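This is protein35.pdb (PDB, C-alpha atoms).
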```pdb
ATOM      1  CA  MET A   1     107.610 106.773  90.011  1.00  0.00           C
ATOM      2  CA  ALA A   2     104.656 107.966  87.922  1.00  0.00           C
ATOM      3  CA  VAL A   3     101.443 108.258  89.895  1.00  0.00           C
ATOM      4  CA  THR A   4      97.885 109.261  89.017  1.00  0.00           C
ATOM      5  CA  ILE A   5      97.007 112.679  90.428  1.00  0.00           C
ATOM      6  CA  LEU A   6      93.530 114.204  90.446  1.00  0.00           C
ATOM      7  CA  VAL A   7      93.549 118.010  90.189  1.00  0.00           C
ATOM      8  CA  VAL A   8      90.305 119.549  91.502  1.00  0.00           C
ATOM      9  CA  GLU A   9      90.507 123.222  90.508  1.00  0.00           C
ATOM     10  CA  ASP A  10      87.790 125.426  88.960  1.00  0.00           C
ATOM     11  CA  GLU A  11      90.109 128.109  87.533  1.00  0.00           C
ATOM     12  CA  PRO A  12      90.939 126.867  83.993  1.00  0.00           C
ATOM     13  CA  ALA A  13      94.294 128.668  83.732  1.00  0.00           C
ATOM     14  CA  ILE A  14      95.521 127.364  87.097  1.00  0.00           C
ATOM     15  CA  GLN A  15      94.234 123.860  86.364  1.00  0.00           C
ATOM     16  CA  GLU A  16      96.005 123.802  82.998  1.00  0.00           C
ATOM     17  CA  LEU A  17      99.283 125.070  84.465  1.00  0.00           C
ATOM     18  CA  ILE A  18      99.256 122.502  87.277  1.00  0.00           C
ATOM     19  CA  ALA A  19      98.394 119.667  84.885  1.00  0.00           C
ATOM     20  CA  LEU A  20     101.163 120.683  82.487  1.00  0.00           C
ATOM     21  CA  ASN A  21     103.817 120.650  85.210  1.00  0.00           C
ATOM     22  CA  LEU A  22     102.609 117.359  86.643  1.00  0.00           C
ATOM     23  CA  LYS A  23     102.772 115.748  83.212  1.00  0.00           C
ATOM     24  CA  LYS A  24     106.292 117.129  82.728  1.00  0.00           C
ATOM     25  CA  ALA A  25     107.209 115.406  86.003  1.00  0.00           C
ATOM     26  CA  GLY A  26     105.982 112.119  84.513  1.00  0.00           C
ATOM     27  CA  HIS A  27     102.644 111.803  86.308  1.00  0.00           C
ATOM     28  CA  MET A  28      99.238 110.782  84.975  1.00  0.00           C
ATOM     29  CA  VAL A  29      96.787 113.661  85.477  1.00  0.00           C
ATOM     30  CA  LEU A  30      93.005 113.750  85.869  1.00  0.00           C
ATOM     31  CA  CYS A  31      91.246 117.132  86.044  1.00  0.00           C
ATOM     32  CA  ALA A  32      87.932 118.216  87.548  1.00  0.00           C
ATOM     33  CA  ASP A  33      86.444 121.673  88.055  1.00  0.00           C
ATOM     34  CA  SER A  34      83.941 120.673  90.755  1.00  0.00           C
ATOM     35  CA  ALA A  35      83.515 118.179  93.566  1.00  0.00           C
ATOM     36  CA  GLU A  36      80.748 116.429  91.619  1.00  0.00           C
ATOM     37  CA  GLN A  37      82.987 115.903  88.583  1.00  0.00           C
ATOM     38  CA  ALA A  38      85.842 114.789  90.846  1.00  0.00           C
ATOM     39  CA  LYS A  39      83.586 112.183  92.467  1.00  0.00           C
ATOM     40  CA  LEU A  40      82.630 110.768  89.059  1.00  0.00           C
ATOM     41  CA  LEU A  41      86.315 110.473  88.118  1.00  0.00           C
ATOM     42  CA  ILE A  42      87.175 108.815  91.431  1.00  0.00           C
ATOM     43  CA  ASP A  43      84.345 106.312  90.988  1.00  0.00           C
ATOM     44  CA  ASN A  44      85.989 105.265  87.722  1.00  0.00           C
ATOM     45  CA  VAL A  45      89.697 105.518  88.598  1.00  0.00           C
ATOM     46  CA  LEU A  46      91.092 105.745  92.106  1.00  0.00           C
ATOM     47  CA  PRO A  47      93.881 108.373  92.053  1.00  0.00           C
ATOM     48  CA  ASP A  48      97.073 108.054  94.060  1.00  0.00           C
ATOM     49  CA  LEU A  49      96.814 111.662  95.275  1.00  0.00           C
ATOM     50  CA  VAL A  50      94.330 114.554  95.123  1.00  0.00           C
ATOM     51  CA  LEU A  51      95.248 118.225  94.695  1.00  0.00           C
ATOM     52  CA  LEU A  52      92.175 119.963  96.039  1.00  0.00           C
ATOM     53  CA  ASP A  53      91.276 123.651  95.710  1.00  0.00           C
ATOM     54  CA  TRP A  54      89.553 125.178  98.733  1.00  0.00           C
ATOM     55  CA  MET A  55      86.979 127.198  96.760  1.00  0.00           C
ATOM     56  CA  LEU A  56      84.849 125.067  94.426  1.00  0.00           C
ATOM     57  CA  PRO A  57      81.547 125.980  92.727  1.00  0.00           C
ATOM     58  CA  ASP A  58      79.407 123.267  94.380  1.00  0.00           C
ATOM     59  CA  VAL A  59      80.935 122.431  97.791  1.00  0.00           C
ATOM     60  CA  THR A  60      84.059 123.635  99.505  1.00  0.00           C
ATOM     61  CA  GLY A  61      87.298 121.700  99.296  1.00  0.00           C
ATOM     62  CA  LEU A  62      87.042 121.210 103.061  1.00  0.00           C
ATOM     63  CA  GLU A  63      83.719 119.423 102.770  1.00  0.00           C
ATOM     64  CA  PHE A  64      84.897 117.313  99.845  1.00  0.00           C
ATOM     65  CA  ALA A  65      88.014 116.294 101.803  1.00  0.00           C
ATOM     66  CA  ARG A  66      85.787 115.214 104.695  1.00  0.00           C
ATOM     67  CA  ARG A  67      83.674 113.131 102.305  1.00  0.00           C
ATOM     68  CA  LEU A  68      86.754 111.381 100.938  1.00  0.00           C
ATOM     69  CA  ARG A  69      87.940 110.610 104.460  1.00  0.00           C
ATOM     70  CA  ARG A  70      84.550 109.182 105.466  1.00  0.00           C
ATOM     71  CA  GLU A  71      84.383 106.624 102.650  1.00  0.00           C
ATOM     72  CA  GLU A  72      86.244 103.345 103.025  1.00  0.00           C
ATOM     73  CA  ARG A  73      87.462 103.307  99.414  1.00  0.00           C
ATOM     74  CA  THR A  74      88.906 106.834  99.469  1.00  0.00           C
ATOM     75  CA  LYS A  75      89.878 107.429 103.083  1.00  0.00           C
ATOM     76  CA  ALA A  76      93.577 106.622 102.516  1.00  0.00           C
ATOM     77  CA  ILE A  77      94.083 108.846  99.439  1.00  0.00           C
ATOM     78  CA  PRO A  78      96.647 111.583 100.209  1.00  0.00           C
ATOM     79  CA  ILE A  79      95.159 115.076  99.860  1.00  0.00           C
ATOM     80  CA  ILE A  80      97.002 118.364  99.334  1.00  0.00           C
ATOM     81  CA  MET A  81      94.884 121.497  99.738  1.00  0.00           C
ATOM     82  CA  LEU A  82      95.501 124.423  97.372  1.00  0.00           C
ATOM     83  CA  THR A  83      94.256 127.824  98.496  1.00  0.00           C
ATOM     84  CA  ALA A  84      94.934 131.543  98.652  1.00  0.00           C
ATOM     85  CA  ARG A  85      93.975 131.538 102.345  1.00  0.00           C
ATOM     86  CA  ILE A  86      97.070 132.154 104.441  1.00  0.00           C
ATOM     87  CA  GLN A  87      95.684 132.510 107.963  1.00  0.00           C
ATOM     88  CA  GLU A  88      96.786 129.968 110.534  1.00  0.00           C
ATOM     89  CA  ASN A  89      93.168 129.070 111.361  1.00  0.00           C
ATOM     90  CA  ASP A  90      92.536 128.228 107.696  1.00  0.00           C
ATOM     91  CA  LYS A  91      95.552 125.939 107.573  1.00  0.00           C
ATOM     92  CA  ILE A  92      94.435 124.192 110.737  1.00  0.00           C
ATOM     93  CA  ALA A  93      90.921 123.770 109.308  1.00  0.00           C
ATOM     94  CA  GLY A  94      92.345 122.213 106.146  1.00  0.00           C
ATOM     95  CA  LEU A  95      94.504 119.759 108.065  1.00  0.00           C
ATOM     96  CA  GLU A  96      91.664 118.864 110.432  1.00  0.00           C
ATOM     97  CA  ALA A  97      89.410 118.173 107.430  1.00  0.00           C
ATOM     98  CA  GLY A  98      91.851 115.453 106.390  1.00  0.00           C
ATOM     99  CA  ALA A  99      94.431 117.190 104.211  1.00  0.00           C
ATOM    100  CA  ASP A 100      97.984 115.843 104.405  1.00  0.00           C
ATOM    101  CA  ASP A 101      99.509 119.161 103.324  1.00  0.00           C
ATOM    102  CA  TYR A 102      98.437 122.727 102.633  1.00  0.00           C
ATOM    103  CA  ILE A 103      99.933 124.903  99.874  1.00  0.00           C
ATOM    104  CA  THR A 104      99.089 128.593  99.611  1.00  0.00           C
ATOM    105  CA  LYS A 105      98.768 130.338  96.245  1.00  0.00           C
ATOM    106  CA  PRO A 106     100.795 131.480  94.445  1.00  0.00           C
ATOM    107  CA  PHE A 107     103.263 128.600  94.493  1.00  0.00           C
ATOM    108  CA  SER A 108     106.039 127.501  92.162  1.00  0.00           C
ATOM    109  CA  PRO A 109     105.870 124.266  90.160  1.00  0.00           C
ATOM    110  CA  ARG A 110     109.069 123.115  91.892  1.00  0.00           C
ATOM    111  CA  GLU A 111     107.509 123.568  95.318  1.00  0.00           C
ATOM    112  CA  LEU A 112     104.379 121.688  94.251  1.00  0.00           C
ATOM    113  CA  ILE A 113     106.365 118.710  92.908  1.00  0.00           C
ATOM    114  CA  ALA A 114     108.518 118.658  96.052  1.00  0.00           C
ATOM    115  CA  ARG A 115     105.443 118.702  98.297  1.00  0.00           C
ATOM    116  CA  ILE A 116     103.843 115.880  96.291  1.00  0.00           C
ATOM    117  CA  LYS A 117     106.983 113.768  96.633  1.00  0.00           C
ATOM    118  CA  ALA A 118     107.113 114.409 100.373  1.00  0.00           C
ATOM    119  CA  VAL A 119     103.469 113.435 100.909  1.00  0.00           C
ATOM    120  CA  LEU A 120     103.806 110.277  98.792  1.00  0.00           C
ATOM    121  CA  ARG A 121     106.997 109.323 100.614  1.00  0.00           C
ATOM    122  CA  ARG A 122     105.191 109.668 103.928  1.00  0.00           C
ATOM    123  CA  ARG A 123     101.775 108.239 103.046  1.00  0.00           C
ATOM    124  CA  LEU A 124     102.469 105.867 100.141  1.00  0.00           C
ATOM    125  CA  PRO A 125     106.078 104.696 100.333  1.00  0.00           C
ATOM    126  CA  GLU A 126     105.509 102.168  97.526  1.00  0.00           C
ATOM    127  CA  MET A 127     105.017 105.167  95.208  1.00  0.00           C
ATOM    128  CA  SER A 128     108.396 106.651  96.099  1.00  0.00           C
ATOM    129  CA  ASP A 129     111.463 106.488  93.855  1.00  0.00           C
ATOM    130  CA  GLU A 130     113.697 105.844  96.861  1.00  0.00           C
ATOM    131  CA  ILE A 131     115.830 102.707  96.819  1.00  0.00           C
ATOM    132  CA  ILE A 132     114.887 100.169  99.515  1.00  0.00           C
ATOM    133  CA  GLU A 133     117.516  97.904 101.088  1.00  0.00           C
ATOM    134  CA  LEU A 134     116.266  95.187 103.419  1.00  0.00           C
ATOM    135  CA  GLY A 135     117.366  91.674 104.293  1.00  0.00           C
ATOM    136  CA  GLY A 136     120.145  91.702 101.707  1.00  0.00           C
ATOM    137  CA  LEU A 137     117.807  92.814  98.887  1.00  0.00           C
ATOM    138  CA  ARG A 138     118.228  96.132  97.104  1.00  0.00           C
ATOM    139  CA  LEU A 139     115.147  97.294  95.157  1.00  0.00           C
ATOM    140  CA  ASP A 140     115.401 100.279  92.828  1.00  0.00           C
ATOM    141  CA  PRO A 141     111.948 101.560  91.714  1.00  0.00           C
ATOM    142  CA  THR A 142     113.450 103.821  89.037  1.00  0.00           C
ATOM    143  CA  THR A 143     115.287 101.088  87.141  1.00  0.00           C
ATOM    144  CA  HIS A 144     112.873  98.287  88.160  1.00  0.00           C
ATOM    145  CA  ARG A 145     115.797  96.169  89.301  1.00  0.00           C
ATOM    146  CA  VAL A 146     116.348  94.012  92.355  1.00  0.00           C
ATOM    147  CA  HIS A 147     119.794  92.901  93.491  1.00  0.00           C
ATOM    148  CA  VAL A 148     121.041  90.593  96.211  1.00  0.00           C
ATOM    149  CA  CYS A 149     124.019  91.988  98.057  1.00  0.00           C
ATOM    150  CA  SER A 150     126.469  89.301  99.126  1.00  0.00           C
ATOM    151  CA  ASN A 151     128.597  89.750 102.220  1.00  0.00           C
ATOM    152  CA  ASP A 152     131.404  87.881 100.442  1.00  0.00           C
ATOM    153  CA  GLU A 153     131.320  90.099  97.331  1.00  0.00           C
ATOM    154  CA  PRO A 154     129.479  93.352  98.184  1.00  0.00           C
ATOM    155  CA  SER A 155     130.807  95.044  95.051  1.00  0.00           C
ATOM    156  CA  ARG A 156     129.278  92.377  92.782  1.00  0.00           C
ATOM    157  CA  PRO A 157     125.552  92.116  93.609  1.00  0.00           C
ATOM    158  CA  THR A 158     123.443  89.462  91.900  1.00  0.00           C
ATOM    159  CA  GLU A 159     120.485  90.717  89.899  1.00  0.00           C
ATOM    160  CA  VAL A 160     117.125  89.024  90.491  1.00  0.00           C
ATOM    161  CA  SER A 161     114.876  88.856  87.421  1.00  0.00           C
ATOM    162  CA  LEU A 162     111.246  89.619  88.328  1.00  0.00           C
ATOM    163  CA  GLY A 163     108.150  90.033  86.203  1.00  0.00           C
ATOM    164  CA  PRO A 164     106.250  93.349  86.490  1.00  0.00           C
ATOM    165  CA  THR A 165     103.588  92.012  88.876  1.00  0.00           C
ATOM    166  CA  GLU A 166     106.109  90.289  91.133  1.00  0.00           C
ATOM    167  CA  PHE A 167     108.199  93.468  91.183  1.00  0.00           C
ATOM    168  CA  ARG A 168     105.212  95.599  92.240  1.00  0.00           C
ATOM    169  CA  LEU A 169     104.263  93.031  94.866  1.00  0.00           C
ATOM    170  CA  LEU A 170     107.775  92.896  96.316  1.00  0.00           C
ATOM    171  CA  HIS A 171     108.055  96.700  96.235  1.00  0.00           C
ATOM    172  CA  PHE A 172     104.806  97.084  98.151  1.00  0.00           C
ATOM    173  CA  LEU A 173     105.719  94.476 100.769  1.00  0.00           C
ATOM    174  CA  MET A 174     109.201  95.945 101.269  1.00  0.00           C
ATOM    175  CA  ALA A 175     107.804  99.484 101.526  1.00  0.00           C
ATOM    176  CA  TYR A 176     105.611  98.337 104.422  1.00  0.00           C
ATOM    177  CA  LYS A 177     108.061  95.954 106.059  1.00  0.00           C
ATOM    178  CA  GLU A 178     106.780  93.907 109.010  1.00  0.00           C
ATOM    179  CA  ARG A 179     103.183  94.974 108.298  1.00  0.00           C
ATOM    180  CA  VAL A 180     100.675  92.226 107.514  1.00  0.00           C
ATOM    181  CA  HIS A 181      98.431  92.710 104.471  1.00  0.00           C
ATOM    182  CA  THR A 182      95.334  90.712 103.574  1.00  0.00           C
ATOM    183  CA  ARG A 183      94.806  89.382 100.059  1.00  0.00           C
ATOM    184  CA  ALA A 184      92.107  92.007  99.470  1.00  0.00           C
ATOM    185  CA  GLN A 185      94.470  94.804 100.520  1.00  0.00           C
ATOM    186  CA  LEU A 186      97.191  93.527  98.208  1.00  0.00           C
ATOM    187  CA  LEU A 187      94.744  93.284  95.304  1.00  0.00           C
ATOM    188  CA  ASP A 188      93.653  96.897  95.824  1.00  0.00           C
ATOM    189  CA  ARG A 189      97.123  98.362  96.267  1.00  0.00           C
ATOM    190  CA  VAL A 190      99.160  96.244  93.818  1.00  0.00           C
ATOM    191  CA  TRP A 191      96.614  95.366  91.112  1.00  0.00           C
ATOM    192  CA  GLY A 192      94.198  98.306  91.541  1.00  0.00           C
ATOM    193  CA  ASP A 193      90.713  98.445  93.018  1.00  0.00           C
ATOM    194  CA  HIS A 194      88.986  98.268  89.604  1.00  0.00           C
ATOM    195  CA  VAL A 195      90.696  95.028  88.591  1.00  0.00           C
ATOM    196  CA  PHE A 196      88.251  92.228  89.267  1.00  0.00           C
ATOM    197  CA  ILE A 197      90.234  89.084  89.969  1.00  0.00           C
ATOM    198  CA  GLU A 198      90.028  86.435  92.677  1.00  0.00           C
ATOM    199  CA  ASP A 199      91.848  86.736  95.986  1.00  0.00           C
ATOM    200  CA  ARG A 200      93.699  83.495  95.235  1.00  0.00           C
ATOM    201  CA  THR A 201      95.513  85.297  92.416  1.00  0.00           C
ATOM    202  CA  VAL A 202      97.631  86.851  95.162  1.00  0.00           C
ATOM    203  CA  ASP A 203      98.666  83.382  96.350  1.00  0.00           C
ATOM    204  CA  VAL A 204      99.804  82.449  92.837  1.00  0.00           C
ATOM    205  CA  HIS A 205     102.036  85.517  92.541  1.00  0.00           C
ATOM    206  CA  ILE A 206     103.378  85.099  96.077  1.00  0.00           C
ATOM    207  CA  ARG A 207     104.433  81.557  95.141  1.00  0.00           C
ATOM    208  CA  ARG A 208     106.101  82.858  91.971  1.00  0.00           C
ATOM    209  CA  LEU A 209     107.890  85.560  93.936  1.00  0.00           C
ATOM    210  CA  ARG A 210     109.124  83.074  96.541  1.00  0.00           C
ATOM    211  CA  LYS A 211     110.299  80.688  93.814  1.00  0.00           C
ATOM    212  CA  ILE A 212     112.406  83.444  92.254  1.00  0.00           C
ATOM    213  CA  LEU A 213     113.800  84.541  95.622  1.00  0.00           C
ATOM    214  CA  GLU A 214     114.553  80.906  96.497  1.00  0.00           C
ATOM    215  CA  SER A 215     117.241  80.877  93.796  1.00  0.00           C
ATOM    216  CA  VAL A 216     119.170  83.476  95.829  1.00  0.00           C
ATOM    217  CA  GLY A 217     118.269  82.149  99.270  1.00  0.00           C
ATOM    218  CA  LYS A 218     115.838  84.965 100.146  1.00  0.00           C
ATOM    219  CA  GLU A 219     112.450  83.214  99.964  1.00  0.00           C
ATOM    220  CA  ASN A 220     111.958  83.394 103.760  1.00  0.00           C
ATOM    221  CA  LEU A 221     111.689  87.174 103.620  1.00  0.00           C
ATOM    222  CA  VAL A 222     108.167  86.886 102.169  1.00  0.00           C
ATOM    223  CA  GLN A 223     106.132  85.297 104.937  1.00  0.00           C
ATOM    224  CA  THR A 224     102.620  83.941 105.301  1.00  0.00           C
ATOM    225  CA  VAL A 225     100.704  84.951 108.417  1.00  0.00           C
ATOM    226  CA  ARG A 226      98.211  82.134 108.645  1.00  0.00           C
ATOM    227  CA  GLY A 227      94.574  83.175 108.487  1.00  0.00           C
ATOM    228  CA  THR A 228      95.493  86.804 107.746  1.00  0.00           C
ATOM    229  CA  GLY A 229      97.791  87.452 104.781  1.00  0.00           C
ATOM    230  CA  TYR A 230     101.408  88.199 103.917  1.00  0.00           C
ATOM    231  CA  ARG A 231     104.297  90.347 105.084  1.00  0.00           C
ATOM    232  CA  PHE A 232     107.929  91.099 104.291  1.00  0.00           C
ATOM    233  CA  SER A 233     110.043  90.509 107.380  1.00  0.00           C
ATOM    234  CA  VAL A 234     113.736  90.204 108.120  1.00  0.00           C
ATOM    235  CA  GLU A 235     112.778  88.410 111.358  1.00  0.00           C
ATOM    236  CA  CYS A 236     112.541  84.707 110.604  1.00  0.00           C
ATOM    237  CA  ASN A 237     109.462  83.085 112.113  1.00  0.00           C
ATOM    238  CA  GLU A 238     109.205  79.437 111.130  1.00  0.00           C
ATOM    239  CA  GLU A 239     105.488  79.240 111.965  1.00  0.00           C
ATOM    240  CA  SER A 240     104.621  82.071 109.618  1.00  0.00           C
ATOM    241  CA  ILE A 241     106.470  80.884 106.522  1.00  0.00           C
ATOM    242  CA  GLY A 242     104.673  78.746 104.017  1.00  0.00           C
TER     243      GLY A 242
END
```
Give the structure from this file in structure tokens form.
Amino acid sequence: MAVTILVVEDEPAIQELIALNLKKAGHMVLCADSAEQAKLLIDNVLPDLVLLDWMLPDVTGLEFARRLRREERTKAIPIIMLTARIQENDKIAGLEAGADDYITKPFSPRELIARIKAVLRRRLPEMSDEIIELGGLRLDPTTHRVHVCSNDEPSRPTEVSLGPTEFRLLHFLMAYKERVHTRAQLLDRVWGDHVFIEDRTVDVHIRRLRKILESVGKENLVQTVRGTGYRFSVECNEESIG
């Protein structure tokens, strides 16, 4: 699945090469050559992942990673450090500063893409291309299709037609099964944190999603946790459905 990746690298040739390979892999790319420029970009568009060079002209990548981790809006963004430092102490420092992975230069484009996929799979499963099968539903992020697998006819699954917003909502809930999400969290992660709409918009789309799933007998998988938010659960709890 295409994601937005911010590349913070002050060497123009390296920045251009990384951006080119990320675009070839189908990702949206933002580029900055300093922490200050990166902060301005992040204030405008929240990236799904940051590739962060250790040595920057204004502050170090370590310090910038710490800043991202301290702020509520950016603390969950996956960070991969890029550096020529190969000592164990440097790697430990990078990870302790908040990096999710640490890649030493030089590295191949294939390794970089593989590392990005691994970090996204671990930190942001809703960004993964992996098929999710839960509660008789089979969601394929690559084809944007959802099927219901019948025990009577497993070889003939029924396709469920979802709009783009309902698909993203279902994908997110399935990726974090059993976890409860508030309306504000769903707005940030499904609609984006720069989309200014009311919390009740989530309720409207949850109702639409349940209505569609009702036609295949799967509406109870999307549950309301009263006073908190919503979750996808294969455990039926009558008090939490509504």
With the cut-off set at 12 Å and counting all atoms listed in the file, tabulate each residue of stretch 99-217 of chain A with an atom at most that distance from an atom of stretch 10-16 of chain A, showing the nearest atom pair and its distance in Å to one decimal, ordered by chain and increasing number, as CSV.
```
residue,atom,partner,partner_atom,distance
A:Lys105,CA,A:Ile14,CA,10.2
A:Pro106,CA,A:Ile14,CA,9.9
A:Phe107,CA,A:Ile14,CA,10.8
A:Ser108,CA,A:Ile14,CA,11.7
A:Pro109,CA,A:Ile14,CA,11.2
```
- Kindly give the distance, in Å, that separates atom CA of A:Pro78 and atom CA of A:Val50, rounded to a single decimal. 6.3 Å
- Point out the residue among A:Leu137, A:Cys149, A:Leu49, A:Leu41 with the least atom-to-atom distance to A:Asp101, counting all atoms listed in the file. A:Leu49
- Task: Considering all atoms listed in the file, state which residue in the set A:Lys24, A:Arg226, A:Arg69, A:Arg231 is at the smallest distance from A:Ile113.
- Result: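 The answer is A:Lys24, which sits nearest to A:Ile113.
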- Item | For A:Gly163, the nearest of the candidates A:Leu51, A:Leu68, A:Val148, A:Leu209, counting all atoms listed in the file |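 Checking each of A:Leu51, A:Leu68, A:Val148, A:Leu209 against A:Gly163, counting all atoms listed in the file, the winner is A:Leu209.
Compared by their closest atoms to A:Asp199, and using only C-alpha atoms, the residues A:Gly229, A:Arg122, A:Gln223, A:Ala84 rank with A:Gly229 nearest.
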From the coordinates I just gave you, please extract stretch 81-89 of chain A so that only all heavy atoms remain, then output it as a PDB file, in the first residue's frame.
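Final file, decode_17.pdb:
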```
ATOM      1  N   MET A  81      16.463   5.353  11.136  1.00  0.00           N
ATOM      2  CA  MET A  81      17.676   6.164  11.087  1.00  0.00           C
ATOM      3  C   MET A  81      18.576   5.696   9.951  1.00  0.00           C
ATOM      4  O   MET A  81      18.738   4.482   9.726  1.00  0.00           O
ATOM      5  CB  MET A  81      18.441   6.048  12.406  1.00  0.00           C
ATOM      6  CG  MET A  81      17.740   6.640  13.612  1.00  0.00           C
ATOM      7  SD  MET A  81      17.706   8.452  13.619  1.00  0.00           S
ATOM      8  CE  MET A  81      19.452   8.828  13.728  1.00  0.00           C
ATOM      9  N   LEU A  82      19.168   6.657   9.233  1.00  0.00           N
ATOM     10  CA  LEU A  82      20.125   6.371   8.170  1.00  0.00           C
ATOM     11  C   LEU A  82      21.466   6.990   8.566  1.00  0.00           C
ATOM     12  O   LEU A  82      21.531   8.196   8.841  1.00  0.00           O
ATOM     13  CB  LEU A  82      19.660   6.975   6.845  1.00  0.00           C
ATOM     14  CG  LEU A  82      18.252   6.608   6.360  1.00  0.00           C
ATOM     15  CD1 LEU A  82      17.924   7.389   5.089  1.00  0.00           C
ATOM     16  CD2 LEU A  82      18.146   5.118   6.106  1.00  0.00           C
ATOM     17  N   THR A  83      22.515   6.205   8.601  1.00  0.00           N
ATOM     18  CA  THR A  83      23.796   6.742   9.042  1.00  0.00           C
ATOM     19  C   THR A  83      24.960   5.869   8.591  1.00  0.00           C
ATOM     20  O   THR A  83      24.779   4.678   8.314  1.00  0.00           O
ATOM     21  CB  THR A  83      23.829   6.875  10.576  1.00  0.00           C
ATOM     22  OG1 THR A  83      25.106   7.350  10.989  1.00  0.00           O
ATOM     23  CG2 THR A  83      23.571   5.533  11.234  1.00  0.00           C
ATOM     24  N   ALA A  84      26.135   6.496   8.521  1.00  0.00           N
ATOM     25  CA  ALA A  84      27.355   5.761   8.211  1.00  0.00           C
ATOM     26  C   ALA A  84      27.995   5.197   9.481  1.00  0.00           C
ATOM     27  O   ALA A  84      28.969   4.449   9.411  1.00  0.00           O
ATOM     28  CB  ALA A  84      28.350   6.674   7.500  1.00  0.00           C
ATOM     29  N   ARG A  85      27.457   5.550  10.637  1.00  0.00           N
ATOM     30  CA  ARG A  85      27.999   5.063  11.906  1.00  0.00           C
ATOM     31  C   ARG A  85      27.646   3.586  12.077  1.00  0.00           C
ATOM     32  O   ARG A  85      26.479   3.216  11.990  1.00  0.00           O
ATOM     33  CB  ARG A  85      27.440   5.872  13.073  1.00  0.00           C
ATOM     34  CG  ARG A  85      27.837   7.340  13.049  1.00  0.00           C
ATOM     35  CD  ARG A  85      27.068   8.120  14.094  1.00  0.00           C
ATOM     36  NE  ARG A  85      27.440   9.510  14.126  1.00  0.00           N
ATOM     37  CZ  ARG A  85      28.274  10.058  15.009  1.00  0.00           C
ATOM     38  NH1 ARG A  85      28.824   9.293  15.937  1.00  0.00           N
ATOM     39  NH2 ARG A  85      28.557  11.335  14.974  1.00  0.00           N
ATOM     40  N   ILE A  86      28.645   2.775  12.360  1.00  0.00           N
ATOM     41  CA  ILE A  86      28.416   1.333  12.419  1.00  0.00           C
ATOM     42  C   ILE A  86      28.708   0.741  13.797  1.00  0.00           C
ATOM     43  O   ILE A  86      28.529  -0.456  14.013  1.00  0.00           O
ATOM     44  CB  ILE A  86      29.273   0.588  11.370  1.00  0.00           C
ATOM     45  CG1 ILE A  86      30.762   0.822  11.631  1.00  0.00           C
ATOM     46  CG2 ILE A  86      28.890   1.021   9.965  1.00  0.00           C
ATOM     47  CD1 ILE A  86      31.667   0.001  10.732  1.00  0.00           C
ATOM     48  N   GLN A  87      29.137   1.569  14.744  1.00  0.00           N
ATOM     49  CA  GLN A  87      29.456   1.062  16.065  1.00  0.00           C
ATOM     50  C   GLN A  87      28.182   0.674  16.812  1.00  0.00           C
ATOM     51  O   GLN A  87      27.127   1.297  16.661  1.00  0.00           O
ATOM     52  CB  GLN A  87      30.224   2.116  16.875  1.00  0.00           C
ATOM     53  CG  GLN A  87      31.562   2.507  16.265  1.00  0.00           C
ATOM     54  CD  GLN A  87      32.508   1.322  16.149  1.00  0.00           C
ATOM     55  OE1 GLN A  87      32.610   0.501  17.063  1.00  0.00           O
ATOM     56  NE2 GLN A  87      33.188   1.223  15.010  1.00  0.00           N
ATOM     57  N   GLU A  88      28.307  -0.342  17.646  1.00  0.00           N
ATOM     58  CA  GLU A  88      27.150  -0.814  18.400  1.00  0.00           C
ATOM     59  C   GLU A  88      26.558   0.288  19.276  1.00  0.00           C
ATOM     60  O   GLU A  88      25.338   0.420  19.373  1.00  0.00           O
ATOM     61  CB  GLU A  88      27.546  -2.008  19.269  1.00  0.00           C
ATOM     62  CG  GLU A  88      26.375  -2.583  20.068  1.00  0.00           C
ATOM     63  CD  GLU A  88      26.791  -3.755  20.941  1.00  0.00           C
ATOM     64  OE1 GLU A  88      28.005  -3.975  21.100  1.00  0.00           O
ATOM     65  OE2 GLU A  88      25.903  -4.434  21.478  1.00  0.00           O
ATOM     66  N   ASN A  89      27.421   1.097  19.904  1.00  0.00           N
ATOM     67  CA  ASN A  89      26.935   2.174  20.769  1.00  0.00           C
ATOM     68  C   ASN A  89      26.105   3.186  19.993  1.00  0.00           C
ATOM     69  O   ASN A  89      25.136   3.751  20.522  1.00  0.00           O
ATOM     70  CB  ASN A  89      28.115   2.882  21.454  1.00  0.00           C
ATOM     71  CG  ASN A  89      28.746   2.035  22.537  1.00  0.00           C
ATOM     72  OD1 ASN A  89      28.144   1.081  23.022  1.00  0.00           O
ATOM     73  ND2 ASN A  89      29.971   2.393  22.918  1.00  0.00           N
TER      74      ASN A  89
END
```
